[in-house]
file run_27.cif (mmCIF, N, CA and C atoms)
data_query
#
loop_
_atom_site.label_atom_id
_atom_site.label_comp_id
_atom_site.auth_asym_id
_atom_site.auth_seq_id
_atom_site.Cartn_x
_atom_site.Cartn_y
_atom_site.Cartn_z
N GLY A 23 37.45 164.49 79.59
CA GLY A 23 37.95 163.52 78.67
C GLY A 23 38.78 164.17 77.59
N PHE A 24 39.31 163.35 76.73
CA PHE A 24 40.15 163.83 75.64
C PHE A 24 39.45 163.57 74.31
N ASP A 25 39.39 164.57 73.46
CA ASP A 25 38.78 164.45 72.14
C ASP A 25 39.88 164.18 71.12
N GLU A 26 39.93 162.96 70.62
CA GLU A 26 40.97 162.55 69.68
C GLU A 26 40.93 163.37 68.38
N GLU A 27 39.71 163.61 67.89
CA GLU A 27 39.57 164.33 66.63
C GLU A 27 40.18 165.74 66.70
N TRP A 28 39.93 166.43 67.82
CA TRP A 28 40.41 167.80 67.99
C TRP A 28 41.75 167.85 68.70
N GLN A 29 42.20 166.71 69.22
CA GLN A 29 43.46 166.64 69.97
C GLN A 29 43.48 167.66 71.11
N SER A 30 42.39 167.64 71.88
CA SER A 30 42.29 168.56 73.03
C SER A 30 41.35 167.96 74.07
N TYR A 31 41.48 168.48 75.26
CA TYR A 31 40.63 168.02 76.36
C TYR A 31 39.26 168.69 76.30
N THR A 32 38.25 167.95 76.68
CA THR A 32 36.92 168.53 76.81
C THR A 32 36.76 168.96 78.26
N VAL A 33 36.11 170.07 78.46
CA VAL A 33 36.01 170.65 79.79
C VAL A 33 34.54 170.74 80.20
N ASP A 34 34.28 170.33 81.41
CA ASP A 34 32.95 170.51 82.00
C ASP A 34 32.95 171.92 82.60
N GLU A 35 32.36 172.87 81.87
CA GLU A 35 32.41 174.27 82.28
C GLU A 35 31.76 174.50 83.64
N ASP A 36 30.68 173.79 83.95
CA ASP A 36 30.04 173.94 85.25
C ASP A 36 30.99 173.54 86.38
N LYS A 37 31.73 172.46 86.19
CA LYS A 37 32.69 172.04 87.22
C LYS A 37 33.81 173.06 87.37
N VAL A 38 34.27 173.58 86.26
CA VAL A 38 35.32 174.60 86.30
C VAL A 38 34.83 175.81 87.11
N LEU A 39 33.63 176.28 86.81
CA LEU A 39 33.09 177.44 87.52
C LEU A 39 32.90 177.14 89.00
N ASP A 40 32.40 175.95 89.33
CA ASP A 40 32.23 175.57 90.74
C ASP A 40 33.55 175.57 91.49
N GLU A 41 34.60 175.07 90.86
CA GLU A 41 35.92 175.03 91.50
C GLU A 41 36.53 176.43 91.64
N LEU A 42 36.30 177.26 90.65
CA LEU A 42 36.89 178.60 90.66
C LEU A 42 36.18 179.58 91.59
N GLU A 43 34.89 179.39 91.79
CA GLU A 43 34.08 180.36 92.55
C GLU A 43 34.74 180.80 93.86
N PRO A 44 35.13 179.89 94.75
CA PRO A 44 35.72 180.36 96.01
C PRO A 44 37.08 181.05 95.84
N LEU A 45 37.79 180.72 94.77
CA LEU A 45 39.09 181.34 94.53
C LEU A 45 38.96 182.73 93.93
N VAL A 46 37.94 182.92 93.11
CA VAL A 46 37.76 184.16 92.36
C VAL A 46 36.96 185.20 93.16
N ALA A 47 36.10 184.74 94.05
CA ALA A 47 35.19 185.64 94.78
C ALA A 47 35.89 186.84 95.43
N PRO A 48 37.05 186.65 96.08
CA PRO A 48 37.69 187.82 96.71
C PRO A 48 38.26 188.83 95.72
N GLY A 49 38.45 188.44 94.46
CA GLY A 49 38.99 189.34 93.45
C GLY A 49 40.50 189.20 93.33
N GLY A 50 41.05 189.93 92.37
CA GLY A 50 42.49 189.95 92.17
C GLY A 50 43.04 188.71 91.50
N VAL A 51 42.23 188.05 90.69
CA VAL A 51 42.63 186.80 90.05
C VAL A 51 42.72 187.02 88.54
N VAL A 52 43.75 186.43 87.94
CA VAL A 52 43.89 186.45 86.49
C VAL A 52 43.48 185.08 85.96
N LEU A 53 42.51 185.07 85.06
CA LEU A 53 42.05 183.83 84.43
C LEU A 53 42.50 183.83 82.98
N ASP A 54 43.15 182.77 82.57
CA ASP A 54 43.60 182.62 81.18
C ASP A 54 42.80 181.50 80.56
N TRP A 55 41.97 181.85 79.56
CA TRP A 55 41.06 180.88 78.96
C TRP A 55 40.90 181.23 77.50
N HIS A 56 40.50 180.29 76.69
CA HIS A 56 40.39 180.54 75.24
C HIS A 56 39.09 181.20 74.83
N THR A 57 38.12 181.19 75.71
CA THR A 57 36.90 181.96 75.49
C THR A 57 36.60 182.64 76.82
N CYS A 58 35.71 183.58 76.82
CA CYS A 58 35.48 184.29 78.07
C CYS A 58 34.03 184.29 78.49
N ASP A 59 33.12 183.92 77.60
CA ASP A 59 31.71 184.09 77.90
C ASP A 59 31.17 183.13 78.95
N ILE A 60 31.99 182.19 79.44
CA ILE A 60 31.51 181.29 80.51
C ILE A 60 31.60 181.94 81.88
N PHE A 61 32.42 182.99 82.02
CA PHE A 61 32.64 183.59 83.34
C PHE A 61 31.59 184.64 83.65
N PRO A 62 31.02 184.58 84.87
CA PRO A 62 30.01 185.58 85.27
C PRO A 62 30.60 187.00 85.25
N GLU A 63 29.79 187.95 84.87
CA GLU A 63 30.25 189.35 84.81
C GLU A 63 30.84 189.83 86.14
N ARG A 64 30.28 189.37 87.24
CA ARG A 64 30.75 189.84 88.55
C ARG A 64 32.21 189.45 88.82
N TRP A 65 32.74 188.48 88.10
CA TRP A 65 34.13 188.06 88.28
C TRP A 65 35.11 188.92 87.51
N VAL A 66 34.63 189.68 86.54
CA VAL A 66 35.51 190.22 85.51
C VAL A 66 35.68 191.73 85.63
N ASP A 67 36.95 192.16 85.70
CA ASP A 67 37.28 193.57 85.67
C ASP A 67 37.90 193.98 84.34
N LEU A 68 38.50 193.02 83.64
CA LEU A 68 39.16 193.29 82.38
C LEU A 68 39.16 192.02 81.55
N VAL A 69 38.85 192.16 80.26
CA VAL A 69 38.94 191.04 79.32
C VAL A 69 39.96 191.45 78.26
N VAL A 70 41.01 190.66 78.13
CA VAL A 70 42.03 190.91 77.12
C VAL A 70 41.88 189.84 76.05
N VAL A 71 41.63 190.29 74.83
CA VAL A 71 41.50 189.37 73.70
C VAL A 71 42.75 189.55 72.84
N LEU A 72 43.54 188.50 72.73
CA LEU A 72 44.74 188.54 71.92
C LEU A 72 44.38 188.19 70.48
N ARG A 73 44.81 189.03 69.54
CA ARG A 73 44.49 188.85 68.12
C ARG A 73 45.77 188.60 67.33
N CYS A 74 45.60 187.91 66.22
CA CYS A 74 46.74 187.54 65.40
C CYS A 74 46.28 187.45 63.94
N ASP A 75 47.10 187.95 63.03
CA ASP A 75 46.80 187.78 61.60
C ASP A 75 46.63 186.29 61.34
N HIS A 76 45.62 185.94 60.56
CA HIS A 76 45.29 184.53 60.36
C HIS A 76 46.42 183.75 59.70
N ALA A 77 47.21 184.38 58.84
CA ALA A 77 48.33 183.67 58.21
C ALA A 77 49.41 183.35 59.24
N VAL A 78 49.67 184.28 60.12
CA VAL A 78 50.64 184.06 61.21
C VAL A 78 50.12 182.95 62.12
N LEU A 79 48.83 183.00 62.43
CA LEU A 79 48.24 181.98 63.29
C LEU A 79 48.35 180.60 62.64
N TRP A 80 48.04 180.51 61.36
CA TRP A 80 48.11 179.22 60.66
C TRP A 80 49.51 178.62 60.80
N ASP A 81 50.54 179.43 60.51
CA ASP A 81 51.93 178.95 60.61
C ASP A 81 52.26 178.53 62.04
N ARG A 82 51.81 179.31 62.99
CA ARG A 82 52.08 179.02 64.41
C ARG A 82 51.48 177.67 64.80
N LEU A 83 50.25 177.43 64.39
CA LEU A 83 49.59 176.18 64.76
C LEU A 83 50.15 174.98 64.00
N GLU A 84 50.57 175.19 62.76
CA GLU A 84 51.23 174.12 62.01
C GLU A 84 52.52 173.69 62.70
N LYS A 85 53.28 174.66 63.18
CA LYS A 85 54.54 174.36 63.87
C LYS A 85 54.30 173.59 65.16
N ARG A 86 53.12 173.74 65.74
CA ARG A 86 52.75 172.99 66.96
C ARG A 86 52.17 171.62 66.62
N ASN A 87 52.12 171.31 65.34
CA ASN A 87 51.58 170.03 64.85
C ASN A 87 50.11 169.83 65.20
N TYR A 88 49.35 170.90 65.16
CA TYR A 88 47.91 170.78 65.36
C TYR A 88 47.30 170.05 64.17
N PRO A 89 46.24 169.28 64.39
CA PRO A 89 45.54 168.65 63.27
C PRO A 89 44.94 169.74 62.36
N LEU A 90 44.87 169.43 61.06
CA LEU A 90 44.37 170.39 60.08
C LEU A 90 43.00 170.95 60.47
N LYS A 91 42.10 170.09 60.93
CA LYS A 91 40.76 170.54 61.30
C LYS A 91 40.82 171.60 62.42
N LYS A 92 41.71 171.40 63.37
CA LYS A 92 41.85 172.34 64.49
C LYS A 92 42.47 173.66 64.00
N ILE A 93 43.43 173.57 63.08
CA ILE A 93 44.03 174.78 62.52
C ILE A 93 42.96 175.58 61.77
N GLN A 94 42.16 174.88 60.96
CA GLN A 94 41.11 175.56 60.19
C GLN A 94 40.09 176.21 61.11
N GLU A 95 39.69 175.50 62.16
CA GLU A 95 38.69 176.05 63.09
C GLU A 95 39.23 177.29 63.81
N ASN A 96 40.46 177.22 64.27
CA ASN A 96 41.07 178.37 64.95
C ASN A 96 41.24 179.54 63.99
N ASN A 97 41.63 179.24 62.76
CA ASN A 97 41.83 180.28 61.77
C ASN A 97 40.52 180.97 61.42
N THR A 98 39.47 180.18 61.23
CA THR A 98 38.16 180.74 60.95
C THR A 98 37.69 181.63 62.10
N ALA A 99 37.90 181.14 63.33
CA ALA A 99 37.50 181.93 64.51
C ALA A 99 38.25 183.26 64.55
N GLU A 100 39.52 183.24 64.17
CA GLU A 100 40.30 184.48 64.16
C GLU A 100 39.81 185.43 63.07
N ILE A 101 39.59 184.90 61.88
CA ILE A 101 39.10 185.74 60.77
C ILE A 101 37.75 186.36 61.12
N MET A 102 36.88 185.58 61.72
CA MET A 102 35.53 186.04 62.05
C MET A 102 35.49 186.78 63.40
N GLN A 103 36.63 186.94 64.05
CA GLN A 103 36.79 187.56 65.36
C GLN A 103 35.78 187.04 66.39
N THR A 104 35.64 185.74 66.41
CA THR A 104 34.67 185.07 67.27
C THR A 104 34.86 185.39 68.74
N VAL A 105 36.09 185.26 69.24
CA VAL A 105 36.34 185.49 70.67
C VAL A 105 36.11 186.96 71.02
N LEU A 106 36.54 187.86 70.17
CA LEU A 106 36.32 189.28 70.42
C LEU A 106 34.83 189.60 70.47
N ASP A 107 34.08 189.07 69.53
CA ASP A 107 32.63 189.30 69.52
C ASP A 107 31.96 188.72 70.76
N GLU A 108 32.38 187.51 71.17
CA GLU A 108 31.81 186.92 72.39
C GLU A 108 32.12 187.79 73.60
N ALA A 109 33.33 188.31 73.66
CA ALA A 109 33.70 189.18 74.78
C ALA A 109 32.84 190.44 74.79
N ARG A 110 32.68 191.04 73.62
CA ARG A 110 31.88 192.28 73.53
C ARG A 110 30.41 192.04 73.83
N GLU A 111 29.91 190.84 73.51
CA GLU A 111 28.52 190.51 73.81
C GLU A 111 28.31 190.16 75.29
N SER A 112 29.37 189.71 75.95
CA SER A 112 29.24 189.21 77.32
C SER A 112 29.59 190.23 78.40
N TYR A 113 30.37 191.23 78.05
CA TYR A 113 30.87 192.17 79.07
C TYR A 113 30.75 193.61 78.58
N ALA A 114 30.83 194.53 79.53
CA ALA A 114 30.75 195.96 79.19
C ALA A 114 31.90 196.34 78.25
N ALA A 115 31.59 197.17 77.28
CA ALA A 115 32.57 197.55 76.25
C ALA A 115 33.85 198.12 76.83
N GLU A 116 33.72 198.87 77.93
CA GLU A 116 34.91 199.54 78.48
C GLU A 116 35.91 198.58 79.14
N ILE A 117 35.54 197.34 79.36
CA ILE A 117 36.50 196.40 79.97
C ILE A 117 37.05 195.39 78.96
N VAL A 118 36.63 195.47 77.71
CA VAL A 118 37.13 194.55 76.69
C VAL A 118 38.23 195.26 75.90
N VAL A 119 39.42 194.66 75.91
CA VAL A 119 40.57 195.24 75.24
C VAL A 119 41.13 194.23 74.24
N GLU A 120 41.41 194.70 73.05
CA GLU A 120 41.96 193.87 71.98
C GLU A 120 43.43 194.21 71.82
N LEU A 121 44.30 193.20 71.90
CA LEU A 121 45.73 193.41 71.73
C LEU A 121 46.27 192.51 70.63
N LYS A 122 47.17 193.05 69.83
CA LYS A 122 47.82 192.28 68.78
C LYS A 122 48.86 191.37 69.42
N SER A 123 48.93 190.13 68.95
CA SER A 123 49.88 189.17 69.50
C SER A 123 50.47 188.33 68.37
N GLU A 124 51.40 188.93 67.65
CA GLU A 124 51.98 188.26 66.49
C GLU A 124 53.48 188.03 66.62
N ARG A 125 54.17 188.94 67.29
CA ARG A 125 55.63 188.87 67.38
C ARG A 125 56.06 188.91 68.84
N THR A 126 57.31 188.63 69.07
CA THR A 126 57.86 188.68 70.42
C THR A 126 57.69 190.08 71.01
N GLU A 127 57.87 191.10 70.19
CA GLU A 127 57.70 192.48 70.66
C GLU A 127 56.27 192.71 71.14
N ASP A 128 55.29 192.16 70.44
CA ASP A 128 53.89 192.26 70.87
C ASP A 128 53.70 191.60 72.23
N LEU A 129 54.27 190.42 72.38
CA LEU A 129 54.18 189.69 73.65
C LEU A 129 54.72 190.54 74.79
N GLU A 130 55.89 191.10 74.59
CA GLU A 130 56.52 191.92 75.63
C GLU A 130 55.66 193.15 75.95
N ASN A 131 55.15 193.81 74.92
CA ASN A 131 54.29 194.99 75.14
C ASN A 131 53.00 194.60 75.86
N ASN A 132 52.42 193.47 75.49
CA ASN A 132 51.18 193.02 76.12
C ASN A 132 51.40 192.69 77.58
N VAL A 133 52.48 192.01 77.89
CA VAL A 133 52.79 191.69 79.29
C VAL A 133 52.95 192.98 80.08
N SER A 134 53.64 193.94 79.52
CA SER A 134 53.84 195.22 80.20
C SER A 134 52.51 195.92 80.47
N ARG A 135 51.63 195.97 79.47
CA ARG A 135 50.32 196.61 79.64
C ARG A 135 49.48 195.89 80.69
N ILE A 136 49.48 194.57 80.63
CA ILE A 136 48.67 193.81 81.58
C ILE A 136 49.20 194.00 82.99
N LEU A 137 50.51 194.03 83.15
CA LEU A 137 51.08 194.29 84.49
C LEU A 137 50.69 195.68 84.99
N GLN A 138 50.65 196.66 84.09
CA GLN A 138 50.22 198.01 84.49
C GLN A 138 48.76 197.98 84.96
N TRP A 139 47.91 197.26 84.24
CA TRP A 139 46.51 197.15 84.65
C TRP A 139 46.38 196.46 86.00
N ILE A 140 47.17 195.42 86.22
CA ILE A 140 47.13 194.71 87.50
C ILE A 140 47.54 195.66 88.63
N GLU A 141 48.60 196.42 88.42
CA GLU A 141 49.05 197.36 89.45
C GLU A 141 47.98 198.42 89.73
N ALA A 142 47.33 198.91 88.69
CA ALA A 142 46.25 199.89 88.87
C ALA A 142 45.09 199.26 89.63
N TRP A 143 44.75 198.01 89.31
CA TRP A 143 43.67 197.32 90.02
C TRP A 143 44.02 197.18 91.50
N LYS A 144 45.25 196.82 91.79
CA LYS A 144 45.67 196.66 93.20
C LYS A 144 45.56 197.98 93.95
N ARG A 145 46.02 199.07 93.30
CA ARG A 145 45.94 200.40 93.94
C ARG A 145 44.49 200.77 94.26
N ASP A 146 43.59 200.44 93.33
CA ASP A 146 42.19 200.83 93.46
C ASP A 146 41.37 199.90 94.34
N ASN A 147 41.83 198.68 94.55
CA ASN A 147 40.98 197.67 95.21
C ASN A 147 41.53 197.05 96.47
N LEU A 148 42.81 197.16 96.72
CA LEU A 148 43.39 196.54 97.91
C LEU A 148 43.67 197.60 98.97
N PRO A 149 43.51 197.23 100.25
CA PRO A 149 43.83 198.20 101.30
C PRO A 149 45.33 198.54 101.27
N SER A 150 45.64 199.80 101.53
CA SER A 150 47.06 200.21 101.47
C SER A 150 47.80 199.96 102.76
#
call {"tool": "encode", "arguments": {"input": "run_27.cif", "output": "structure tokens"}}
result
Amino acid sequence: GFDEEWQSYTVDEDKVLDELEPLVAPGGVVLDWHTCDIFPERWVDLVVVLRCDHAVLWDRLEKRNYPLKKIQENNTAEIMQTVLDEARESYAAEIVVELKSERTEDLENNVSRILQWIEAWKRDNLPS
């Protein structure tokens, strides 16, 4: 369903996991989600947490016309590093990576790093 107050969809996490299970089981899948602690450890080889200065984030979300309550909640989560802490609590420390994502240059560098990790994963996990 859609939550009018938050201006976002509500997700049945159990249904999401049930649908993803057969797709993720063989490996080699990239999942893009706003939190990570719903995914079983066996699915995860790398967790990338994108971080942003809270002032930059506030401006970014205002430009997207997010409701004030949603901007405040996202900003608080960034200040308190909620997603990073959830990732560190849910997965082994060596697979949790924090990347800055504030400028176009950061985006380009992050894409490059993630592509390098994907290539390394393929070399290590797929038959040659």
call {"tool": "atom_distance", "arguments": {"input": "run_27.cif", "atom1": "atom C of Leu39 of chain A", "atom2": "atom N of His56 of chain A"}}
result
14.8 Å
call {"tool": "resolve_selection", "arguments": {"input": "run_27.cif", "expression": "the PyMOL selection byres (((chain A and resi 57-73 and name CA) around 10) and name CA)", "output": "NGL selection string"}}
result
:A and (35-36 or 38-39 or 42-43 or 46-56 or 74-76 or 79 or 100-101 or 103-124 or 128-129 or 132 or 136 or 139-140 or 143)
call {"tool": "atom_distance", "arguments": {"input": "run_27.cif", "atom1": "atom C of Trp28 of chain A", "atom2": "atom CA of Val133 of chain A"}}
result
28.3 Å
call {"tool": "select_by_dssp", "arguments": {"input": "run_27.cif", "residues": "chain A", "states": "strand (DSSP E or B)", "output": "PyMOL selection string"}}
result
chain A and resi 24-25+30-31+69-73+118-122
call {"tool": "closest_residue", "arguments": {"input": "run_27.cif", "among": "A:Gln138, A:Asn131, A:Gln29, A:Asn147", "to": "Lys91 of chain A", "atoms": "only C-alpha atoms"}}
result
A:Gln29
call {"tool": "residues_around", "arguments": {"input": "run_27.cif", "residues": "Trp80 of chain A", "least_positions_apart": "6", "cutoff": "8 Å", "atoms": "all atoms listed in the file", "output": "JSON, numbers by chain"}}
result
{"A": [74, 86, 93, 94, 96, 97]}
call {"tool": "select_by_dssp", "arguments": {"input": "run_27.cif", "residues": "chain A", "states": "helix (DSSP H, G or I)", "output": "PyMOL selection string"}}
result
chain A and resi 35-46+63-65+76-85+90-101+104-112+115-117+126-147
call {"tool": "atom_distance", "arguments": {"input": "run_27.cif", "atom1": "atom N of Asn87 of chain A", "atom2": "atom CA of Tyr31 of chain A"}}
result
16.3 Å
call {"tool": "closest_residue", "arguments": {"input": "run_27.cif", "among": "A:Pro149, A:Met102, A:Val78, A:Lys144", "to": "Arg125 of chain A", "atoms": "only C-alpha atoms"}}
result
A:Val78
call {"tool": "decode", "arguments": {"input": "run_27.cif", "residues": "segment 130-142 of chain A", "atoms": "all heavy atoms", "output": "PDB file, in the first residue's frame"}}
result
ATOM      1  N   GLU A 130      30.546   8.901  -9.322  1.00  0.00           N
ATOM      2  CA  GLU A 130      31.399   8.257 -10.324  1.00  0.00           C
ATOM      3  C   GLU A 130      32.429   7.340  -9.666  1.00  0.00           C
ATOM      4  O   GLU A 130      32.647   6.210 -10.122  1.00  0.00           O
ATOM      5  CB  GLU A 130      32.084   9.318 -11.187  1.00  0.00           C
ATOM      6  CG  GLU A 130      31.095  10.070 -12.065  1.00  0.00           C
ATOM      7  CD  GLU A 130      31.676  11.323 -12.698  1.00  0.00           C
ATOM      8  OE1 GLU A 130      32.825  11.710 -12.370  1.00  0.00           O
ATOM      9  OE2 GLU A 130      30.958  11.925 -13.525  1.00  0.00           O
ATOM     10  N   ASN A 131      33.057   7.807  -8.592  1.00  0.00           N
ATOM     11  CA  ASN A 131      34.043   6.976  -7.882  1.00  0.00           C
ATOM     12  C   ASN A 131      33.383   5.740  -7.276  1.00  0.00           C
ATOM     13  O   ASN A 131      33.945   4.641  -7.310  1.00  0.00           O
ATOM     14  CB  ASN A 131      34.733   7.782  -6.780  1.00  0.00           C
ATOM     15  CG  ASN A 131      35.659   8.843  -7.329  1.00  0.00           C
ATOM     16  OD1 ASN A 131      36.125   8.756  -8.456  1.00  0.00           O
ATOM     17  ND2 ASN A 131      35.911   9.878  -6.539  1.00  0.00           N
ATOM     18  N   ASN A 132      32.195   5.907  -6.712  1.00  0.00           N
ATOM     19  CA  ASN A 132      31.485   4.780  -6.102  1.00  0.00           C
ATOM     20  C   ASN A 132      31.106   3.740  -7.140  1.00  0.00           C
ATOM     21  O   ASN A 132      31.264   2.538  -6.910  1.00  0.00           O
ATOM     22  CB  ASN A 132      30.248   5.268  -5.348  1.00  0.00           C
ATOM     23  CG  ASN A 132      30.602   6.126  -4.149  1.00  0.00           C
ATOM     24  OD1 ASN A 132      31.717   6.100  -3.659  1.00  0.00           O
ATOM     25  ND2 ASN A 132      29.638   6.890  -3.686  1.00  0.00           N
ATOM     26  N   VAL A 133      30.612   4.185  -8.278  1.00  0.00           N
ATOM     27  CA  VAL A 133      30.262   3.249  -9.351  1.00  0.00           C
ATOM     28  C   VAL A 133      31.503   2.479  -9.783  1.00  0.00           C
ATOM     29  O   VAL A 133      31.466   1.250  -9.943  1.00  0.00           O
ATOM     30  CB  VAL A 133      29.615   3.982 -10.548  1.00  0.00           C
ATOM     31  CG1 VAL A 133      29.532   3.078 -11.770  1.00  0.00           C
ATOM     32  CG2 VAL A 133      28.231   4.501 -10.166  1.00  0.00           C
ATOM     33  N   SER A 134      32.610   3.173  -9.926  1.00  0.00           N
ATOM     34  CA  SER A 134      33.859   2.522 -10.330  1.00  0.00           C
ATOM     35  C   SER A 134      34.291   1.468  -9.310  1.00  0.00           C
ATOM     36  O   SER A 134      34.651   0.341  -9.675  1.00  0.00           O
ATOM     37  CB  SER A 134      34.953   3.576 -10.500  1.00  0.00           C
ATOM     38  OG  SER A 134      36.171   2.971 -10.823  1.00  0.00           O
ATOM     39  N   ARG A 135      34.248   1.809  -8.027  1.00  0.00           N
ATOM     40  CA  ARG A 135      34.632   0.855  -6.975  1.00  0.00           C
ATOM     41  C   ARG A 135      33.710  -0.354  -6.956  1.00  0.00           C
ATOM     42  O   ARG A 135      34.161  -1.490  -6.837  1.00  0.00           O
ATOM     43  CB  ARG A 135      34.615   1.531  -5.596  1.00  0.00           C
ATOM     44  CG  ARG A 135      35.816   2.417  -5.364  1.00  0.00           C
ATOM     45  CD  ARG A 135      35.840   2.949  -3.962  1.00  0.00           C
ATOM     46  NE  ARG A 135      36.179   1.912  -2.986  1.00  0.00           N
ATOM     47  CZ  ARG A 135      36.269   2.139  -1.687  1.00  0.00           C
ATOM     48  NH1 ARG A 135      36.028   3.350  -1.204  1.00  0.00           N
ATOM     49  NH2 ARG A 135      36.573   1.171  -0.865  1.00  0.00           N
ATOM     50  N   ILE A 136      32.417  -0.105  -7.068  1.00  0.00           N
ATOM     51  CA  ILE A 136      31.462  -1.208  -7.027  1.00  0.00           C
ATOM     52  C   ILE A 136      31.652  -2.117  -8.238  1.00  0.00           C
ATOM     53  O   ILE A 136      31.623  -3.350  -8.106  1.00  0.00           O
ATOM     54  CB  ILE A 136      30.017  -0.675  -6.909  1.00  0.00           C
ATOM     55  CG1 ILE A 136      29.831  -0.032  -5.529  1.00  0.00           C
ATOM     56  CG2 ILE A 136      29.000  -1.789  -7.147  1.00  0.00           C
ATOM     57  CD1 ILE A 136      28.562   0.798  -5.377  1.00  0.00           C
ATOM     58  N   LEU A 137      31.902  -1.540  -9.398  1.00  0.00           N
ATOM     59  CA  LEU A 137      32.171  -2.368 -10.587  1.00  0.00           C
ATOM     60  C   LEU A 137      33.436  -3.210 -10.394  1.00  0.00           C
ATOM     61  O   LEU A 137      33.473  -4.370 -10.803  1.00  0.00           O
ATOM     62  CB  LEU A 137      32.281  -1.496 -11.837  1.00  0.00           C
ATOM     63  CG  LEU A 137      30.975  -0.913 -12.348  1.00  0.00           C
ATOM     64  CD1 LEU A 137      31.231   0.073 -13.492  1.00  0.00           C
ATOM     65  CD2 LEU A 137      30.016  -2.015 -12.789  1.00  0.00           C
ATOM     66  N   GLN A 138      34.450  -2.643  -9.747  1.00  0.00           N
ATOM     67  CA  GLN A 138      35.669  -3.416  -9.464  1.00  0.00           C
ATOM     68  C   GLN A 138      35.353  -4.586  -8.538  1.00  0.00           C
ATOM     69  O   GLN A 138      35.855  -5.693  -8.731  1.00  0.00           O
ATOM     70  CB  GLN A 138      36.739  -2.520  -8.842  1.00  0.00           C
ATOM     71  CG  GLN A 138      37.333  -1.531  -9.803  1.00  0.00           C
ATOM     72  CD  GLN A 138      38.270  -0.547  -9.113  1.00  0.00           C
ATOM     73  OE1 GLN A 138      38.540  -0.632  -7.921  1.00  0.00           O
ATOM     74  NE2 GLN A 138      38.766   0.417  -9.872  1.00  0.00           N
ATOM     75  N   TRP A 139      34.535  -4.354  -7.515  1.00  0.00           N
ATOM     76  CA  TRP A 139      34.151  -5.432  -6.607  1.00  0.00           C
ATOM     77  C   TRP A 139      33.364  -6.511  -7.340  1.00  0.00           C
ATOM     78  O   TRP A 139      33.562  -7.695  -7.104  1.00  0.00           O
ATOM     79  CB  TRP A 139      33.338  -4.901  -5.433  1.00  0.00           C
ATOM     80  CG  TRP A 139      34.133  -4.157  -4.406  1.00  0.00           C
ATOM     81  CD1 TRP A 139      35.372  -4.503  -3.919  1.00  0.00           C
ATOM     82  CD2 TRP A 139      33.774  -2.967  -3.732  1.00  0.00           C
ATOM     83  NE1 TRP A 139      35.787  -3.600  -2.983  1.00  0.00           N
ATOM     84  CE2 TRP A 139      34.825  -2.636  -2.843  1.00  0.00           C
ATOM     85  CE3 TRP A 139      32.656  -2.134  -3.776  1.00  0.00           C
ATOM     86  CZ2 TRP A 139      34.791  -1.529  -2.024  1.00  0.00           C
ATOM     87  CZ3 TRP A 139      32.625  -1.025  -2.947  1.00  0.00           C
ATOM     88  CH2 TRP A 139      33.685  -0.731  -2.091  1.00  0.00           C
ATOM     89  N   ILE A 140      32.475  -6.102  -8.224  1.00  0.00           N
ATOM     90  CA  ILE A 140      31.684  -7.072  -8.999  1.00  0.00           C
ATOM     91  C   ILE A 140      32.614  -7.923  -9.863  1.00  0.00           C
ATOM     92  O   ILE A 140      32.480  -9.147  -9.909  1.00  0.00           O
ATOM     93  CB  ILE A 140      30.610  -6.367  -9.844  1.00  0.00           C
ATOM     94  CG1 ILE A 140      29.518  -5.792  -8.929  1.00  0.00           C
ATOM     95  CG2 ILE A 140      30.014  -7.326 -10.880  1.00  0.00           C
ATOM     96  CD1 ILE A 140      28.530  -4.872  -9.639  1.00  0.00           C
ATOM     97  N   GLU A 141      33.563  -7.289 -10.529  1.00  0.00           N
ATOM     98  CA  GLU A 141      34.508  -8.036 -11.368  1.00  0.00           C
ATOM     99  C   GLU A 141      35.331  -9.011 -10.528  1.00  0.00           C
ATOM    100  O   GLU A 141      35.560 -10.156 -10.929  1.00  0.00           O
ATOM    101  CB  GLU A 141      35.417  -7.073 -12.146  1.00  0.00           C
ATOM    102  CG  GLU A 141      34.706  -6.332 -13.253  1.00  0.00           C
ATOM    103  CD  GLU A 141      33.998  -7.249 -14.239  1.00  0.00           C
ATOM    104  OE1 GLU A 141      34.587  -8.263 -14.662  1.00  0.00           O
ATOM    105  OE2 GLU A 141      32.829  -6.956 -14.564  1.00  0.00           O
ATOM    106  N   ALA A 142      35.770  -8.588  -9.357  1.00  0.00           N
ATOM    107  CA  ALA A 142      36.522  -9.475  -8.468  1.00  0.00           C
ATOM    108  C   ALA A 142      35.645 -10.639  -8.014  1.00  0.00           C
ATOM    109  O   ALA A 142      36.103 -11.792  -7.972  1.00  0.00           O
ATOM    110  CB  ALA A 142      37.045  -8.700  -7.261  1.00  0.00           C
TER     111      ALA A 142
END
